[in-house]
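Peer 1: Next comes work_31.txt, compact mmCIF, C-alpha atoms:
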```
# COMPACT_ATOMS: atom_id res chain seq x y z
CA MET A 1 -3.40 22.09 1.10
CA ALA A 2 -1.70 25.49 0.85
CA GLY A 3 -2.62 28.90 -0.54
CA ILE A 4 -1.02 32.28 -1.16
CA LEU A 5 -2.33 34.82 1.37
CA ASP A 6 -0.51 37.91 0.09
CA PRO A 7 0.03 38.25 -3.70
CA LYS A 8 3.02 40.55 -3.09
CA SER A 9 4.99 38.30 -0.74
CA ARG A 10 6.03 34.66 -0.50
CA ILE A 11 3.85 33.64 2.47
CA MET A 12 2.24 30.22 2.35
CA ASP A 13 -0.74 29.06 4.37
CA PHE A 14 -0.65 25.35 5.24
CA VAL A 15 -3.74 23.52 6.45
CA LEU A 16 -3.67 19.88 7.55
CA THR A 17 -6.30 17.61 6.04
CA GLN A 18 -8.57 15.51 8.22
CA GLN A 19 -6.32 12.51 7.63
CA GLY A 20 -3.27 14.58 8.57
CA ARG A 21 -4.87 15.72 11.83
CA GLN A 22 -5.69 12.12 12.72
CA GLN A 23 -2.11 11.08 12.05
CA ILE A 24 -0.58 13.91 14.09
CA ALA A 25 -2.93 13.12 17.00
CA SER A 26 -1.72 9.52 17.04
CA GLY A 27 1.94 10.46 16.61
CA ARG A 28 2.20 8.93 13.14
CA MET A 29 2.52 12.15 11.13
CA LYS A 30 5.40 11.78 8.66
CA ILE A 31 5.81 14.08 5.65
CA GLU A 32 7.90 12.43 2.93
CA TYR A 33 6.94 14.15 -0.32
CA ALA A 34 5.62 17.54 -1.41
CA SER A 35 3.90 18.51 -4.64
CA PHE A 36 3.08 21.87 -6.24
CA THR A 37 -0.14 22.64 -8.04
CA ASP A 38 -1.49 25.48 -10.17
CA LEU A 39 -5.07 24.80 -9.12
CA GLY A 40 -5.60 28.44 -8.10
CA ALA A 41 -3.73 30.04 -11.00
CA SER A 42 -5.41 31.86 -13.89
CA TYR A 43 -4.02 31.77 -17.42
CA ASP A 44 -4.60 34.19 -20.28
CA ALA A 45 -5.54 32.32 -23.44
CA THR A 46 -4.92 35.39 -25.58
CA ILE A 47 -1.22 35.58 -24.64
CA ASP A 48 -0.10 32.00 -25.24
CA TYR A 49 -1.75 30.87 -22.00
CA SER A 50 0.67 32.88 -19.85
CA ILE A 51 -0.28 33.41 -16.22
CA GLU A 52 -2.40 36.47 -15.49
CA ASP A 53 -1.25 39.27 -13.18
CA PRO A 54 -2.31 38.13 -9.68
CA SER A 55 -1.98 41.57 -8.03
CA SER A 56 -5.62 42.45 -8.78
CA LYS A 57 -7.03 39.15 -7.53
CA VAL A 58 -8.18 38.19 -4.04
CA TYR A 59 -6.77 34.92 -2.71
CA LEU A 60 -8.70 33.22 0.05
CA GLU A 61 -7.41 31.00 2.82
CA ALA A 62 -6.44 27.51 1.76
CA PHE A 63 -9.29 25.02 2.02
CA SER A 64 -9.17 21.32 2.78
CA ASP A 65 -11.24 18.18 3.33
CA VAL A 66 -12.26 17.83 -0.29
CA SER A 67 -12.24 14.70 -2.44
CA ALA A 68 -8.93 15.63 -4.07
CA ASP A 69 -7.17 15.51 -0.68
CA MET A 70 -7.14 11.71 -0.66
CA ILE A 71 -5.59 9.90 -3.63
CA THR A 72 -5.00 6.61 -1.79
CA PHE A 73 -7.34 4.72 0.51
CA GLU A 74 -6.48 4.93 4.20
CA THR A 75 -7.27 2.49 7.00
CA ASP A 76 -7.57 3.02 10.74
CA ASP A 77 -5.73 1.05 13.43
CA SER A 78 -8.38 -1.69 13.21
CA GLY A 79 -7.77 -2.19 9.50
CA PHE A 80 -11.10 -0.69 8.40
CA LEU A 81 -11.22 1.69 5.47
CA ARG A 82 -11.73 5.32 6.32
CA PRO A 83 -14.66 7.02 4.56
CA PHE A 84 -13.85 8.01 0.98
CA THR A 85 -15.85 10.20 -1.39
CA GLY A 86 -15.40 10.30 -5.15
CA ASP A 87 -17.37 11.50 -8.16
CA GLY A 88 -20.82 9.95 -7.65
CA VAL A 89 -19.53 7.22 -5.38
CA ALA A 90 -18.60 6.82 -1.72
CA VAL A 91 -17.11 4.23 0.60
CA SER A 92 -18.34 4.12 4.19
CA ALA A 93 -16.19 3.32 7.19
CA GLY A 94 -15.67 -0.41 6.88
CA GLY A 95 -15.63 -0.63 3.09
CA ASP A 96 -19.28 -0.63 1.95
CA LEU A 97 -19.74 0.88 -1.51
CA LEU A 98 -22.66 3.24 -0.96
CA ALA A 99 -23.19 4.52 -4.50
CA GLY A 100 -21.87 4.16 -8.01
CA SER A 101 -22.21 5.53 -11.50
CA ALA A 102 -24.96 3.85 -13.46
CA ASP A 103 -24.94 3.25 -17.19
CA LEU A 104 -27.94 3.45 -19.56
CA THR A 105 -29.23 0.11 -18.33
CA GLY A 106 -29.20 1.30 -14.72
CA SER A 107 -26.55 -1.17 -13.53
CA ILE A 108 -23.86 -0.07 -11.09
CA SER A 109 -20.23 -0.12 -12.19
CA PRO A 110 -18.08 -2.82 -10.55
CA ALA A 111 -16.15 -1.80 -7.45
CA SER A 112 -12.84 -2.42 -9.23
CA ASP A 113 -13.73 0.23 -11.84
CA PHE A 114 -14.64 2.62 -9.03
CA LEU A 115 -11.22 2.18 -7.41
CA LEU A 116 -9.28 3.07 -10.54
CA GLN A 117 -11.51 5.91 -11.63
CA SER A 118 -11.72 7.58 -8.21
CA ILE A 119 -7.99 7.46 -7.47
CA THR A 120 -6.91 8.77 -10.88
CA GLN A 121 -9.64 11.41 -10.82
CA SER A 122 -8.57 12.69 -7.37
CA LEU A 123 -4.98 12.88 -8.57
CA GLY A 124 -6.06 14.86 -11.65
CA TRP A 125 -8.11 17.29 -9.58
CA ASN A 126 -4.92 18.36 -7.78
CA GLN A 127 -3.54 19.73 -11.07
CA ILE A 128 0.01 18.94 -9.94
CA ILE A 129 2.74 20.73 -11.88
CA GLY A 130 5.11 18.27 -13.53
CA THR A 131 8.24 18.39 -15.66
CA ASN A 132 9.15 15.88 -18.33
CA ASP A 133 12.42 14.08 -17.71
CA PRO A 134 14.69 14.74 -20.73
CA LEU A 135 16.75 11.63 -19.92
CA SER A 136 13.74 9.29 -19.90
CA GLU A 137 12.33 7.83 -23.09
CA THR A 138 8.95 7.14 -21.46
CA THR A 139 6.61 9.48 -19.63
CA GLY A 140 3.62 7.23 -18.97
CA PHE A 141 2.93 4.12 -16.94
CA GLN A 142 2.10 0.83 -18.62
CA VAL A 143 2.31 -2.80 -17.52
CA SER A 144 2.50 -5.95 -19.63
CA GLN A 145 -0.94 -7.17 -18.58
CA SER A 146 -3.89 -5.69 -16.71
CA SER A 147 -5.44 -8.87 -15.23
CA ILE A 148 -4.33 -12.24 -13.88
CA THR A 149 -6.37 -15.35 -13.16
CA PHE A 150 -5.26 -18.04 -10.71
CA ASN A 151 -6.89 -21.46 -10.74
CA VAL A 152 -7.28 -22.89 -7.22
CA ARG A 153 -8.30 -26.55 -7.36
CA ASP A 154 -7.91 -29.86 -5.51
CA GLY A 155 -4.23 -30.69 -5.17
CA PHE A 156 -3.06 -27.25 -6.30
CA PRO A 157 -1.50 -25.04 -5.11
CA PHE A 158 -1.54 -27.17 -1.92
CA ASP A 159 -0.54 -30.78 -2.39
CA HIS A 160 -1.14 -33.15 0.53
CA SER A 161 1.28 -35.72 -0.94
CA ARG A 162 4.27 -33.43 -0.34
CA GLY A 163 3.18 -32.42 3.15
CA ASP A 164 1.42 -29.14 2.37
CA VAL A 165 -1.18 -27.94 4.87
CA GLU A 166 -4.53 -27.92 3.06
CA TYR A 167 -6.75 -26.92 6.00
CA ALA A 168 -5.96 -24.69 8.97
CA THR A 169 -7.74 -22.80 11.72
CA LEU A 170 -6.77 -19.50 13.30
CA ASN A 171 -5.71 -21.28 16.49
CA THR A 172 -3.26 -23.51 14.57
CA ILE A 173 -1.67 -20.71 12.53
CA GLU A 174 1.28 -18.90 14.09
CA SER A 175 0.32 -15.54 15.60
CA LEU A 176 2.11 -12.38 14.50
CA GLN A 177 4.72 -12.56 17.27
CA ASN A 178 5.78 -16.01 16.01
CA ASP A 179 5.25 -15.50 12.25
CA MET A 180 8.35 -15.99 10.11
CA ARG A 181 7.22 -13.10 7.86
CA LEU A 182 8.24 -10.73 10.66
CA SER A 183 11.41 -12.62 11.57
CA ASN A 184 13.60 -10.00 9.86
CA LEU A 185 12.57 -7.40 12.47
CA PRO A 186 14.55 -7.23 15.75
CA ASN A 187 11.39 -7.02 17.88
CA PHE A 188 10.18 -10.39 16.56
CA LYS A 189 13.44 -12.34 16.74
CA TYR A 190 14.11 -15.11 19.24
CA LEU A 191 16.16 -13.20 21.83
CA PRO A 192 16.61 -15.17 25.05
CA PRO A 193 18.26 -13.21 27.89
CA VAL A 194 22.01 -13.83 28.23
CA ASN A 195 24.72 -13.08 30.77
CA GLY A 196 26.35 -9.73 30.15
CA ALA A 197 29.65 -10.23 31.98
CA GLY A 198 31.84 -12.73 33.74
CA VAL A 199 32.91 -16.20 32.68
CA LEU A 200 29.34 -16.90 31.45
CA ALA A 201 29.14 -13.78 29.29
CA GLY A 202 26.99 -14.49 26.25
CA ALA A 203 25.49 -17.69 27.67
CA THR A 204 21.71 -17.83 28.10
CA LEU A 205 20.39 -17.52 31.63
CA ALA A 206 18.26 -20.63 31.23
CA SER A 207 16.67 -22.86 28.61
CA TYR A 208 13.99 -20.87 26.81
CA PRO A 209 11.84 -22.57 24.15
CA ASN A 210 11.74 -20.98 20.70
CA TYR A 211 8.12 -20.81 19.49
CA ASN A 212 8.92 -18.88 16.33
CA GLU A 213 7.91 -20.43 13.01
CA SER A 214 10.91 -22.21 11.54
CA SER A 215 9.77 -22.78 7.93
CA ASP A 216 10.86 -20.32 5.22
CA THR A 217 13.31 -18.48 7.49
CA ASP A 218 15.94 -19.56 4.95
CA ARG A 219 15.19 -17.26 2.02
CA ILE A 220 16.67 -19.66 -0.52
CA ALA A 221 14.32 -22.37 0.75
CA MET A 222 11.45 -19.90 0.60
CA GLN A 223 12.19 -19.05 -3.03
CA SER A 224 12.38 -22.74 -3.85
CA ARG A 225 8.92 -23.28 -2.33
CA LEU A 226 7.43 -20.25 -4.07
CA SER A 227 8.74 -21.50 -7.42
CA GLN A 228 6.44 -24.54 -7.10
CA LEU A 229 3.33 -22.35 -6.85
CA GLU A 230 1.32 -20.78 -9.64
CA SER A 231 2.71 -17.38 -10.52
CA THR A 232 2.69 -14.69 -13.18
CA GLU A 233 5.37 -12.18 -14.10
CA ILE A 234 4.33 -8.58 -14.81
CA THR A 235 6.75 -6.26 -16.59
CA PHE A 236 6.70 -2.46 -16.40
CA LEU A 237 6.77 -1.44 -20.05
CA GLU A 238 6.70 2.31 -19.38
CA THR A 239 7.67 4.06 -16.16
CA SER A 240 9.73 6.95 -14.87
CA SER A 241 13.49 6.82 -14.40
CA GLU A 242 13.05 6.72 -10.60
CA ASN A 243 10.37 4.03 -10.94
CA ASN A 244 8.42 5.45 -7.98
CA PHE A 245 4.90 4.11 -7.67
CA ILE A 246 2.19 3.57 -5.08
CA MET A 247 0.71 0.10 -4.79
CA GLN A 248 -2.38 -0.98 -2.83
CA ALA A 249 -4.16 -4.34 -2.69
CA PHE A 250 -7.91 -4.79 -2.19
CA GLU A 251 -10.39 -7.62 -1.97
CA ILE A 252 -13.54 -6.92 -3.98
CA SER A 253 -16.64 -8.77 -2.76
CA GLY A 254 -19.18 -8.55 -5.54
CA ARG A 255 -20.14 -4.98 -6.40
CA SER A 256 -20.76 -3.57 -2.95
CA SER A 257 -17.83 -4.25 -0.61
CA ILE A 258 -14.15 -3.27 -0.60
CA THR A 259 -11.53 -4.58 1.84
CA LYS A 260 -7.96 -3.34 1.91
CA LEU A 261 -5.48 -6.17 2.35
CA ASP A 262 -2.66 -5.96 4.89
CA ALA A 263 0.94 -6.00 3.66
CA ILE A 264 4.09 -7.28 5.40
CA ASP A 265 7.41 -6.14 3.94
CA TYR A 266 9.85 -9.04 4.30
CA GLY A 267 12.77 -6.99 3.00
CA TYR A 268 15.38 -7.61 0.32
CA ARG A 269 17.44 -10.64 -0.67
CA SER A 270 19.76 -11.47 -3.55
CA SER A 271 18.22 -13.14 -6.58
CA LEU A 272 19.27 -16.75 -7.14
CA GLU A 273 19.43 -16.16 -10.89
CA ASP A 274 21.50 -12.96 -10.62
CA PRO A 275 23.21 -12.23 -7.26
CA GLN A 276 23.72 -8.61 -8.35
CA LYS A 277 19.94 -8.04 -8.34
CA LEU A 278 17.87 -7.55 -5.21
CA VAL A 279 14.39 -9.02 -4.77
CA ARG A 280 11.91 -7.42 -2.39
CA THR A 281 9.28 -9.77 -0.95
CA ILE A 282 5.88 -8.48 0.20
CA PHE A 283 3.19 -10.69 1.72
CA LEU A 284 -0.47 -9.71 1.22
CA GLY A 285 -3.32 -11.06 3.31
CA LYS A 286 -5.61 -10.39 6.26
CA VAL A 287 -5.11 -10.11 10.01
CA TYR A 288 -7.61 -11.99 12.18
CA THR A 289 -7.86 -12.52 15.93
CA ASP A 290 -7.85 -16.07 17.32
CA THR A 291 -9.64 -17.30 20.44
CA SER A 292 -6.69 -16.16 22.58
CA SER A 293 -7.08 -12.59 21.23
CA ASP A 294 -3.75 -12.89 19.40
CA PRO A 295 -3.53 -11.24 15.95
CA THR A 296 -2.86 -13.79 13.22
CA PHE A 297 -1.81 -13.02 9.65
CA VAL A 298 -3.32 -15.19 6.89
CA ASN A 299 -1.21 -14.95 3.74
CA MET A 300 -3.13 -14.77 0.46
CA PHE A 301 -0.58 -13.54 -2.10
CA THR A 302 3.19 -13.10 -2.25
CA LEU A 303 4.69 -10.31 -4.35
CA GLU A 304 8.32 -10.26 -5.43
CA LEU A 305 9.58 -6.96 -6.82
CA GLU A 306 12.80 -7.17 -8.80
```
Kindly return the structure encoded in the file as structure tokens.

Peer 2:
Amino acid sequence: MAGILDPKSRIMDFVLTQQGRQQIASGRMKIEYASFTDLGASYDATIDYSIEDPSSKVYLEAFSDVSADMITFETDDSGFLRPFTGDGVAVSAGGDLLAGSADLTGSISPASDFLLQSITQSLGWNQIIGTNDPLSETTGFQVSQSSITFNVRDGFPFDHSRGDVEYATLNTIESLQNDMRLSNLPNFKYLPPVNGAGVLAGATLASYPNYNESSDTDRIAMQSRLSQLESTEITFLETSSENNFIMQAFEISGRSSITKLDAIDYGYRSSLEDPQKLVRTIFLGKVYTDTSSDPTFVNMFTLELE
């Protein structure tokens, strides 16, 4: 948050939020965007809502650690949700929904309603100044459908007759260091040591086994496999010209528990239907620890953004 200390000069007072202090302490502080708000401005309704003369007003130091500071849910290094407070509701560390708005019957609103209401309300409380894009025909955000239902049943989406794995344990699933979903990153590639000079330059020093997962490393084969699974296409009917948006995935357990899913960005590839278009693949799921204390990613959903 920031505030004007001196109404006669352009001096800004910046204060890191609690989340920002935690990020800078861990070395993960990265500022990518900035927004401007008129939260502390006063307007005169008698003069076409023009801003009042600020020279006679006293401006206090910028304050922080309020509900409006957080418009997206944050997790710690263990994957647990950080505490979040909204209007009449709160999420404890770990994802327990502590309170909720009750209707006339006394029932608590579902956790999914709480997510949408709290995030949009926090964003509105910031009173961010915006400008309409004259080159864009749309100013809102609307998708083709608001809900999707998948039907998991015997034989679908996993079919034993074609060799699909229907049951698995954490010890049989590839750990993160061998998972093909991270195979596009240099740190997770199969890189056996090689000779750097001489007649054997480029040859491996010895025979090293490759324990990396081999399936789906061919992106064309991966798209062919995904096409056999149940899927739904969502179209953005209204969006900005830049098409910038924030996306988060949660698992809602009843009305009292919220878990943020982990996401692995697999990167871009060319579309099979139109090579001029790029498709971005994102895997959503959970990270567990097997009996060898190795982190293991369990994939639940696959998103393809085109």

Peer 1: Let me make sure I understand: among A:Leu123, A:Ala25, A:Leu229, A:Leu170, which one has the smallest atom-to-atom distance to Pro295 in chain A if we use all atoms listed in the file?

Peer 2: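 For Pro295 in chain A, the nearest of the given residues is A:Leu170.
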
Peer 1: Looking at A:Thr169, A:Thr17, A:Gly40, A:Gly155, which one is nearest to Thr291 in chain A, with distances taken over only C-alpha atoms?

Peer 2: A:Thr169

Peer 1: With all atoms listed in the file as the atoms that count, which of A:Ile252, A:Arg219, A:Leu205, A:Thr235 lies nearest to Arg280 in chain A?

Peer 2: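 Using all atoms listed in the file, the shortest distance to Arg280 in chain A belongs to A:Arg219.
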
Peer 1: For Val66 in chain A, which residue out of A:Arg181, A:Leu237, A:Pro54, A:Ser122 is the nearest one, using only C-alpha atoms?

Peer 2: A:Ser122

Peer 1: What does the distance from CA of Gln18 in chain A to CA of Ser64 in chain A come to in Å, to one decimal?

Peer 2: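 Interatomic distance, CA of Gln18 in chain A to CA of Ser64 in chain A: 8.0 Å.
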
Peer 1: Which is closer to Glu273 in chain A than all the others in A:Ala201, A:Ile220, A:Thr75, A:Asn244, using only C-alpha atoms?

Peer 2: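 Checking each candidate against Glu273 in chain A, we get A:Ile220 as the closest.
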
Peer 1: In Å, rounded to a single decimal, give me how far CA of Phe156 in chain A is from CA of Gln223 in chain A.

Peer 2: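 Pair CA of Gln223 in chain A / CA of Phe156 in chain A returns 17.6 Å.
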
Peer 1: For Thr232 in chain A, which residue out of A:Ile129, A:Ile51, A:Ile148, A:Ile71 is the nearest one, using only C-alpha atoms?

Peer 2: A:Ile148

Peer 1: Fewer than 6 positions away in the same chain doesn't count, so skip those; otherwise give me all residues within 12 Å of Leu226 in chain A, counting only C-alpha atoms, as a VMD selection string.

Peer 2: chain A and resid 157 to 158 216 219 to 220 232 281 283 301 to 304

Peer 1: If I take CA of Ser147 in chain A and CA of Thr259 in chain A, how far is one from the other in Å, to one decimal?

Peer 2: 18.6 Å

Peer 1: Rebuild N, CA and C atoms on range 147-179 of chain A, as a compact mmCIF listing (two decimals), in the frame of the given file?

Peer 2:
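The resulting file, part.txt, is reproduced below:
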```txt
# COMPACT_ATOMS: atom_id res chain seq x y z
N SER A 147 -4.69 -7.92 -16.08
CA SER A 147 -5.44 -8.87 -15.23
C SER A 147 -4.73 -10.20 -15.20
N ILE A 148 -4.92 -10.91 -14.09
CA ILE A 148 -4.33 -12.24 -13.88
C ILE A 148 -5.39 -13.14 -13.28
N THR A 149 -5.43 -14.37 -13.70
CA THR A 149 -6.37 -15.35 -13.16
C THR A 149 -5.60 -16.54 -12.61
N PHE A 150 -5.86 -16.88 -11.34
CA PHE A 150 -5.26 -18.04 -10.71
C PHE A 150 -6.33 -19.12 -10.54
N ASN A 151 -5.96 -20.34 -10.79
CA ASN A 151 -6.89 -21.46 -10.74
C ASN A 151 -6.62 -22.30 -9.50
N VAL A 152 -7.41 -22.11 -8.45
CA VAL A 152 -7.28 -22.89 -7.22
C VAL A 152 -8.15 -24.13 -7.34
N ARG A 153 -7.57 -25.30 -7.17
CA ARG A 153 -8.30 -26.55 -7.36
C ARG A 153 -7.75 -27.60 -6.40
N ASP A 154 -8.37 -28.77 -6.38
CA ASP A 154 -7.91 -29.86 -5.51
C ASP A 154 -6.50 -30.27 -5.90
N GLY A 155 -5.61 -30.29 -4.92
CA GLY A 155 -4.23 -30.69 -5.17
C GLY A 155 -3.33 -29.57 -5.63
N PHE A 156 -3.88 -28.38 -5.87
CA PHE A 156 -3.06 -27.25 -6.30
C PHE A 156 -3.70 -25.94 -5.85
N PRO A 157 -2.96 -25.03 -5.29
CA PRO A 157 -1.50 -25.04 -5.11
C PRO A 157 -1.01 -25.83 -3.90
N PHE A 158 -1.94 -26.40 -3.10
CA PHE A 158 -1.54 -27.17 -1.92
C PHE A 158 -1.68 -28.64 -2.22
N ASP A 159 -0.58 -29.36 -2.05
CA ASP A 159 -0.54 -30.78 -2.39
C ASP A 159 -0.28 -31.58 -1.10
N HIS A 160 -1.27 -32.37 -0.71
CA HIS A 160 -1.14 -33.15 0.53
C HIS A 160 -0.02 -34.18 0.42
N SER A 161 0.27 -34.67 -0.79
CA SER A 161 1.28 -35.72 -0.94
C SER A 161 2.68 -35.24 -0.60
N ARG A 162 2.94 -33.94 -0.68
CA ARG A 162 4.27 -33.43 -0.34
C ARG A 162 4.29 -32.75 1.02
N GLY A 163 3.21 -32.92 1.78
CA GLY A 163 3.18 -32.42 3.15
C GLY A 163 2.61 -31.03 3.30
N ASP A 164 2.00 -30.47 2.26
CA ASP A 164 1.42 -29.14 2.37
C ASP A 164 0.19 -29.16 3.28
N VAL A 165 0.00 -28.08 4.02
CA VAL A 165 -1.18 -27.94 4.87
C VAL A 165 -2.34 -27.46 4.01
N GLU A 166 -3.39 -28.27 3.90
CA GLU A 166 -4.53 -27.92 3.06
C GLU A 166 -5.64 -27.25 3.85
N TYR A 167 -5.73 -27.53 5.15
CA TYR A 167 -6.75 -26.92 6.00
C TYR A 167 -6.08 -26.42 7.28
N ALA A 168 -6.53 -25.27 7.74
CA ALA A 168 -5.96 -24.69 8.97
C ALA A 168 -7.00 -23.83 9.64
N THR A 169 -6.89 -23.70 10.95
CA THR A 169 -7.74 -22.80 11.72
C THR A 169 -6.88 -21.69 12.29
N LEU A 170 -7.52 -20.62 12.74
CA LEU A 170 -6.77 -19.50 13.30
C LEU A 170 -5.94 -19.91 14.50
N ASN A 171 -6.43 -20.85 15.28
CA ASN A 171 -5.71 -21.28 16.49
C ASN A 171 -4.48 -22.12 16.16
N THR A 172 -4.42 -22.69 14.95
CA THR A 172 -3.26 -23.51 14.57
C THR A 172 -2.24 -22.73 13.76
N ILE A 173 -2.60 -21.55 13.28
CA ILE A 173 -1.67 -20.71 12.53
C ILE A 173 -0.86 -19.85 13.51
N GLU A 174 0.42 -19.69 13.22
CA GLU A 174 1.28 -18.90 14.09
C GLU A 174 0.76 -17.47 14.21
N SER A 175 0.72 -16.93 15.40
CA SER A 175 0.32 -15.54 15.60
C SER A 175 1.44 -14.63 15.11
N LEU A 176 1.15 -13.33 15.07
CA LEU A 176 2.11 -12.38 14.50
C LEU A 176 3.45 -12.41 15.22
N GLN A 177 3.45 -12.59 16.54
CA GLN A 177 4.72 -12.56 17.27
C GLN A 177 5.59 -13.78 16.97
N ASN A 178 5.02 -14.82 16.36
CA ASN A 178 5.78 -16.01 16.01
C ASN A 178 5.88 -16.23 14.50
N ASP A 179 5.31 -15.33 13.71
CA ASP A 179 5.25 -15.50 12.25
C ASP A 179 6.61 -15.23 11.63
```
